[in-house]
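Dumped query_22.tsv below, it's TSV, C-alpha atoms:
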```
chain	number	residue	atom	x	y	z
E	30	MET	CA	117.66	29.38	155.29
E	31	ASN	CA	116.23	28.27	158.57
E	32	LEU	CA	115.44	31.61	160.05
E	33	PRO	CA	112.37	31.47	162.26
E	34	SER	CA	109.82	34.03	161.12
E	35	GLU	CA	109.05	34.96	164.71
E	36	HIS	CA	112.39	36.66	164.92
E	37	LEU	CA	111.43	38.88	162.02
E	38	LEU	CA	108.38	39.84	164.06
E	39	TYR	CA	110.56	40.62	167.08
E	40	LEU	CA	112.67	42.89	164.92
E	41	ALA	CA	109.55	44.56	163.53
E	42	ALA	CA	108.23	45.14	167.05
E	43	GLY	CA	111.50	46.74	168.08
E	44	LEU	CA	111.63	48.98	165.02
E	45	PHE	CA	108.02	50.06	165.47
E	46	ALA	CA	108.60	50.85	169.14
E	47	LEU	CA	111.62	52.98	168.29
E	48	GLY	CA	109.56	54.75	165.64
E	49	VAL	CA	106.83	55.55	168.14
E	50	LEU	CA	109.44	56.80	170.58
E	51	GLY	CA	110.90	59.15	167.99
E	52	PHE	CA	107.45	60.28	166.88
E	53	VAL	CA	106.37	61.26	170.37
E	54	VAL	CA	109.60	62.55	171.83
E	55	ARG	CA	111.34	64.48	169.08
E	56	ARG	CA	110.46	68.03	168.23
E	57	ASN	CA	112.08	68.40	164.85
E	58	VAL	CA	109.33	67.73	162.31
E	59	ILE	CA	111.75	66.13	159.86
E	60	VAL	CA	112.83	63.60	162.47
E	61	VAL	CA	109.17	62.96	163.24
E	62	LEU	CA	108.64	62.14	159.55
E	63	MET	CA	111.62	59.81	159.63
E	64	SER	CA	110.12	58.04	162.63
E	65	ILE	CA	106.97	57.49	160.58
E	66	GLU	CA	109.10	55.95	157.84
E	67	LEU	CA	110.59	53.67	160.47
E	68	MET	CA	107.14	52.56	161.58
E	69	LEU	CA	106.08	51.91	157.99
E	70	ASN	CA	109.18	49.78	157.53
E	71	ALA	CA	108.28	47.77	160.61
E	72	ALA	CA	104.82	47.23	159.11
E	73	ASN	CA	106.47	46.05	155.89
E	74	LEU	CA	108.60	43.60	157.79
E	75	THR	CA	105.48	42.28	159.49
E	76	PHE	CA	103.76	41.79	156.13
E	77	LEU	CA	106.75	39.87	154.82
E	78	ALA	CA	107.03	37.73	157.94
E	79	GLY	CA	103.33	36.92	157.63
E	80	SER	CA	103.79	35.96	154.01
E	81	ARG	CA	106.69	33.76	155.05
E	82	LEU	CA	104.61	32.07	157.72
E	83	HIS	CA	101.75	31.34	155.35
E	84	SER	CA	103.62	30.02	152.35
E	85	THR	CA	104.42	26.40	151.80
E	86	PRO	CA	107.47	25.22	149.87
E	87	GLY	CA	105.46	24.45	146.76
E	88	SER	CA	103.24	27.50	146.66
E	89	PRO	CA	104.61	30.80	147.85
E	90	ASP	CA	102.14	33.19	149.42
E	91	VAL	CA	102.81	36.54	147.76
E	92	THR	CA	100.04	38.64	149.28
E	93	GLY	CA	102.48	40.00	151.84
E	94	PRO	CA	104.93	41.39	149.29
E	95	VAL	CA	102.05	42.91	147.28
E	96	PHE	CA	100.86	44.83	150.31
E	97	ALA	CA	104.44	45.75	151.16
E	98	VAL	CA	104.69	47.35	147.71
E	99	PHE	CA	101.55	49.36	148.43
E	100	VAL	CA	102.98	50.40	151.79
E	101	ILE	CA	106.14	51.60	150.10
E	102	VAL	CA	104.09	53.71	147.68
E	103	ILE	CA	102.17	55.20	150.59
E	104	ALA	CA	105.45	55.92	152.37
E	105	ALA	CA	106.77	57.75	149.34
E	106	VAL	CA	103.58	59.79	149.03
E	107	GLU	CA	103.59	60.61	152.73
E	108	ALA	CA	107.22	61.69	152.64
E	109	ALA	CA	106.63	63.95	149.64
E	110	VAL	CA	103.58	65.66	151.13
E	111	GLY	CA	105.16	65.92	154.57
E	112	LEU	CA	108.34	67.47	153.24
E	113	ALA	CA	106.35	69.94	151.14
E	114	LEU	CA	104.45	70.90	154.28
E	115	ILE	CA	107.76	71.31	156.10
E	116	ILE	CA	109.02	73.62	153.37
E	117	ALA	CA	105.85	75.68	153.59
E	118	LEU	CA	106.14	75.74	157.38
E	119	TYR	CA	109.75	76.85	157.25
E	120	ARG	CA	108.87	79.60	154.85
E	121	LEU	CA	106.17	80.79	157.21
E	122	LYS	CA	107.93	80.50	160.59
E	123	HIS	CA	111.61	79.95	159.85
E	124	THR	CA	111.72	76.93	162.10
E	125	VAL	CA	110.84	73.26	161.90
E	126	ALA	CA	110.01	72.75	165.57
E	127	SER	CA	106.65	71.12	166.04
E	128	ASP	CA	105.85	73.21	169.11
E	129	SER	CA	105.91	76.36	167.01
E	130	LEU	CA	102.60	75.22	165.56
E	131	SER	CA	100.15	76.12	168.24
E	132	GLU	CA	97.60	78.18	166.35
E	133	MET	CA	94.94	75.52	166.68
E	134	LYS	CA	95.49	75.12	170.42
E	135	GLY	CA	95.42	71.34	170.06
M	12	MET	CA	126.11	31.32	159.37
M	13	ALA	CA	123.08	32.98	157.83
M	14	GLU	CA	121.43	33.06	161.24
M	15	THR	CA	124.30	34.93	162.86
M	16	LEU	CA	124.30	37.30	159.91
M	17	PHE	CA	120.61	37.90	160.48
M	18	TYR	CA	121.11	38.68	164.16
M	19	LEU	CA	123.99	41.02	163.41
M	20	LEU	CA	121.90	42.81	160.79
M	21	ALA	CA	118.94	42.99	163.13
M	22	LEU	CA	121.15	44.64	165.73
M	23	LEU	CA	122.42	47.02	163.08
M	24	ALA	CA	118.87	47.90	162.00
M	25	LEU	CA	117.82	48.55	165.59
M	26	ALA	CA	120.95	50.61	166.21
M	27	GLY	CA	120.18	52.67	163.12
M	28	ALA	CA	116.63	53.21	164.33
M	29	ALA	CA	117.90	54.28	167.73
M	30	GLY	CA	120.29	56.62	165.96
M	31	VAL	CA	117.36	58.27	164.18
M	32	VAL	CA	115.77	59.05	167.53
M	33	LEU	CA	118.96	60.05	169.34
M	34	ALA	CA	120.96	61.96	166.73
M	35	LYS	CA	121.42	65.64	167.41
M	36	SER	CA	121.49	66.70	163.80
M	37	PRO	CA	118.76	65.67	161.33
M	38	MET	CA	121.54	64.92	158.88
M	39	PHE	CA	122.82	62.16	161.14
M	40	SER	CA	119.25	60.98	161.60
M	41	VAL	CA	118.93	60.49	157.85
M	42	LEU	CA	122.24	58.70	157.63
M	43	SER	CA	121.44	56.27	160.43
M	44	LEU	CA	118.02	55.70	158.87
M	45	LEU	CA	119.93	54.79	155.73
M	46	VAL	CA	122.00	52.27	157.69
M	47	SER	CA	118.82	50.80	159.13
M	48	PHE	CA	117.20	50.50	155.70
M	49	PHE	CA	120.24	48.82	154.20
M	50	ALA	CA	120.35	46.32	157.05
M	51	LEU	CA	116.65	45.67	156.54
M	52	SER	CA	117.20	45.15	152.85
M	53	VAL	CA	119.80	42.47	153.49
M	54	ILE	CA	117.45	40.90	156.00
M	55	TYR	CA	114.77	40.74	153.30
M	56	LEU	CA	117.31	39.04	151.09
M	57	LEU	CA	118.13	36.51	153.79
M	58	ALA	CA	114.46	35.85	154.41
M	59	GLY	CA	113.92	35.08	150.73
M	60	PHE	CA	112.35	38.31	149.45
M	61	GLN	CA	114.72	39.32	146.69
M	62	PHE	CA	112.32	41.70	144.96
M	63	MET	CA	111.48	43.51	148.18
M	64	ALA	CA	115.18	43.87	148.98
M	65	ALA	CA	115.74	45.57	145.63
M	66	VAL	CA	112.70	47.81	146.08
M	67	GLN	CA	113.87	48.72	149.56
M	68	ILE	CA	117.19	49.96	148.23
M	69	VAL	CA	115.88	51.64	145.10
M	70	VAL	CA	112.81	53.35	146.51
M	71	TYR	CA	113.66	53.96	150.14
M	72	ALA	CA	117.39	54.58	150.05
M	73	GLY	CA	117.42	55.93	146.52
M	74	ALA	CA	114.37	58.15	146.49
M	75	ILE	CA	112.80	58.83	149.85
M	76	LEU	CA	115.96	59.37	151.87
M	77	VAL	CA	117.42	61.53	149.14
M	78	LEU	CA	114.27	63.62	149.36
M	79	PHE	CA	114.82	64.01	153.11
M	80	LEU	CA	118.46	64.94	152.57
M	81	PHE	CA	117.45	67.41	149.89
M	82	VAL	CA	115.01	69.20	152.18
M	83	ILE	CA	117.48	69.26	155.08
M	84	MET	CA	120.12	70.78	152.87
M	85	LEU	CA	117.65	73.16	151.24
M	86	LEU	CA	116.54	74.55	154.57
M	87	ASP	CA	120.07	74.40	155.99
M	88	LEU	CA	119.05	72.41	159.04
M	89	GLY	CA	122.09	70.19	159.22
M	90	GLN	CA	124.09	72.16	161.74
M	91	LEU	CA	125.10	70.59	165.00
M	92	GLY	CA	125.34	71.81	168.53
M	93	ARG	CA	121.80	72.73	169.43
M	94	GLY	CA	121.38	69.59	171.48
M	95	ILE	CA	118.76	66.98	170.87
M	96	GLU	CA	115.57	68.93	170.57
M	97	LEU	CA	113.01	67.22	172.69
M	98	SER	CA	109.51	68.51	172.92
M	99	THR	CA	108.98	71.95	174.42
M	100	ALA	CA	109.93	72.65	178.02
M	101	ALA	CA	106.48	72.47	179.56
M	102	PHE	CA	105.64	69.38	177.59
M	103	HIS	CA	109.03	67.86	177.96
M	104	GLY	CA	108.76	65.49	180.91
M	105	ARG	CA	105.27	64.27	180.13
M	106	SER	CA	106.00	63.67	176.49
M	107	ALA	CA	109.22	61.82	177.14
M	108	ARG	CA	107.58	59.62	179.73
M	109	LEU	CA	104.59	58.94	177.48
M	110	GLY	CA	106.91	58.07	174.63
M	111	ALA	CA	108.96	55.71	176.76
M	112	VAL	CA	105.87	53.98	178.15
M	113	LEU	CA	104.30	53.68	174.70
M	114	ALA	CA	107.47	52.31	173.15
M	115	VAL	CA	108.11	49.77	175.87
M	116	GLY	CA	104.46	48.71	175.88
M	117	LEU	CA	104.36	48.30	172.13
M	118	ALA	CA	107.57	46.32	172.15
M	119	LEU	CA	106.17	44.06	174.86
M	120	VAL	CA	102.90	43.55	173.00
M	121	GLY	CA	104.81	42.73	169.86
M	122	LEU	CA	107.10	40.31	171.62
M	123	ILE	CA	104.31	38.56	173.47
M	124	SER	CA	102.02	38.24	170.47
M	125	ALA	CA	104.88	36.98	168.35
M	126	GLN	CA	105.80	34.47	171.01
M	127	ARG	CA	102.51	32.82	171.63
M	128	GLY	CA	99.29	31.74	170.07
M	129	ALA	CA	98.60	34.01	167.18
M	130	LEU	CA	100.89	32.32	164.73
M	131	PRO	CA	100.41	29.17	162.72
M	132	PRO	CA	103.15	26.58	163.12
M	133	ALA	CA	106.17	27.72	161.21
M	134	ALA	CA	106.57	24.57	159.23
M	135	PRO	CA	107.19	26.16	155.82
M	136	ALA	CA	110.11	28.24	157.03
M	137	ALA	CA	112.42	25.39	156.19
M	138	GLY	CA	112.29	25.08	152.45
M	139	HIS	CA	112.62	28.53	150.94
M	140	GLU	CA	115.94	28.30	149.25
M	141	GLY	CA	114.52	29.64	146.02
M	142	GLY	CA	113.01	32.71	147.64
M	143	ILE	CA	109.44	33.38	148.60
M	144	ASP	CA	108.35	36.15	146.37
M	145	GLY	CA	108.26	34.33	143.12
M	146	LEU	CA	108.08	37.32	140.81
M	147	PRO	CA	105.58	35.71	138.40
M	148	GLN	CA	103.12	35.05	141.21
M	149	LEU	CA	103.65	38.52	142.63
M	150	ALA	CA	103.08	40.15	139.27
M	151	ALA	CA	99.98	38.05	138.63
M	152	LEU	CA	98.52	39.09	141.96
M	153	LEU	CA	99.53	42.74	141.65
M	154	TYR	CA	98.16	43.23	138.14
M	155	GLY	CA	95.32	40.77	138.45
M	156	ARG	CA	93.47	40.64	141.69
M	157	TYR	CA	94.82	43.93	143.00
M	158	GLY	CA	94.88	45.65	139.62
M	159	LEU	CA	92.31	48.25	140.61
M	160	ALA	CA	94.26	49.12	143.76
M	161	PHE	CA	97.38	49.36	141.65
M	162	GLU	CA	95.73	51.83	139.29
M	163	ALA	CA	94.43	53.78	142.26
M	164	THR	CA	98.02	53.99	143.48
M	165	GLY	CA	98.98	55.60	140.21
M	166	VAL	CA	96.19	58.16	140.59
M	167	LEU	CA	97.32	58.76	144.16
M	168	LEU	CA	100.84	59.49	143.00
M	169	LEU	CA	99.57	61.95	140.41
M	170	VAL	CA	97.37	63.74	142.94
M	171	THR	CA	100.29	63.87	145.34
M	172	MET	CA	102.50	65.43	142.74
M	173	VAL	CA	99.96	68.16	142.10
M	174	ALA	CA	99.46	68.71	145.83
M	175	VAL	CA	103.18	68.95	146.53
M	176	VAL	CA	103.68	71.48	143.77
M	177	ALA	CA	100.78	73.53	145.11
M	178	LEU	CA	102.07	73.32	148.69
M	179	ALA	CA	105.71	74.07	148.07
M	180	LYS	CA	105.11	76.79	145.53
M	181	ARG	CA	106.31	80.15	146.68
M	182	GLN	CA	103.41	82.34	147.67
M	183	ARG	CA	103.63	85.70	145.98
M	184	LYS	CA	103.61	87.87	149.06
M	185	ASN	CA	106.46	85.97	150.66
M	186	LEU	CA	108.66	86.39	147.66
M	187	PRO	CA	111.49	88.65	148.84
M	188	GLY	CA	112.26	90.61	145.72
M	189	SER	CA	108.99	90.32	143.85
M	190	GLY	CA	107.73	93.64	142.82
M	191	GLN	CA	105.50	92.99	139.87
M	192	GLY	CA	107.43	90.11	138.43
M	193	GLY	CA	105.48	87.19	137.09
M	194	GLY	CA	102.25	87.57	135.30
M	195	ARG	CA	100.16	85.16	137.33
M	196	ARG	CA	98.36	86.62	140.27
M	197	GLY	CA	95.82	85.33	142.74
M	198	GLY	CA	95.10	81.76	143.50
M	199	ALA	CA	96.16	80.20	146.79
```
Could you take the file, read its structure, and then write that structure out as structure tokens?
Amino acid sequence: MNLPSEHLLYLAAGLFALGVLGFVVRRNVIVVLMSIELMLNAANLTFLAGSRLHSTPGSPDVTGPVFAVFVIVIAAVEAAVGLALIIALYRLKHTVASDSLSEMKG
Amino acid sequence: MAETLFYLLALLALAGAAGVVLAKSPMFSVLSLLVSFFALSVIYLLAGFQFMAAVQIVVYAGAILVLFLFVIMLLDLGQLGRGIELSTAAFHGRSARLGAVLAVGLALVGLISAQRGALPPAAPAAGHEGGIDGLPQLAALLYGRYGLAFEATGVLLLVTMVAVVALAKRQRKNLPGSGQGGGRRGGA
């Protein structure tokens, strides 16, 4: 199909921007984690678009998909650790609002 | 035909992402994230990445989002009506403005850098009917050149599993009805 790879990059830029918006603006830690997933997906899309740009019809360039697989593994790991932290946080404070964590005066 | 499908799906993915940010209940956030991921998966398919499309569905929609849903239901956070919880009152205006500026700036940077210069001419985009990620090549690269990284990923997953169990384990003193129940004491 004749889809220009630039448009994949536009989509990735939009998704990443929305992820950053959610990460900064939302207070619910679970939604913040979901925004991170969104950003990782945008990064994946960028890897794939790059792979698409660099492959020629005869020889596909598969480095992009390989790194996308690694990114997906990292996303899974991050989600698992983040959600475990959220469970521990909820057990401690009975809330998942990020502004309830001010002990370190960051 | 495929192009219009792509643009529709791109709109759907962006709408899902906006829904994640705007939804009042985290439950709706997860569901619109699911919509976004499915749209992305079909986009991968259209762009010629069949394997990545399958992985997107199986791992993201099937595992990670279910994990999110599980935690939301476990902690009973799905209720509505508290309004969209922005950052705390004192931080509210500054944070929202910073977020908006960051998001718009990033989108602009992405658009501009995708538009000009940085990219090689997109000649190959024409002939990818058979799909880009030839699985044999991908497997050869993943288990050959990046084999060490792949093994390290396995170790990372194991370490993560141990860490998650240690983190989410109920601490003894917080246990509501634990007099002198279990035998193990100390640690943590």
With only C-alpha atoms considered, list every residue of chain E at most 7 Å from chain M, as number ranges by chain. E: 30-33, 35, 38-40, 42-44, 46-47, 49-51, 53-57, 60, 81-82, 84-86, 89, 91, 94-95, 105-106, 108-110, 112-114, 116-117, 128
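Minimum atom-to-atom distances from E:Ile59, E:Ala41, E:Ala126, E:Val98 to Ala72 of chain E were compared using only C-alpha atoms, and the lowest value belongs to E:Ala41.
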Separating atom CA of Ser88 of chain E from atom CA of Leu16 of chain M, to the nearest tenth of an Å, is a gap of 26.7 Å
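Atom CA of Phe52 of chain E is found 27.1 Å from atom CA of Ala65 of chain M.
Among E:Val125, E:Ile65, E:Val58, E:Ala71, the residue with the shortest atom-to-atom distance to Glu107 of chain E, counting only C-alpha atoms, is E:Ile65.
Across the structure, atom CA of Leu62 of chain E and atom CA of Gly111 of chain E are spaced 7.2 Å apart.
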Shortest contact to Leu42 of chain M, candidates E:Met63, E:Met68, E:Val102, E:Leu77, atoms counted only C-alpha atoms, goes to E:Met63
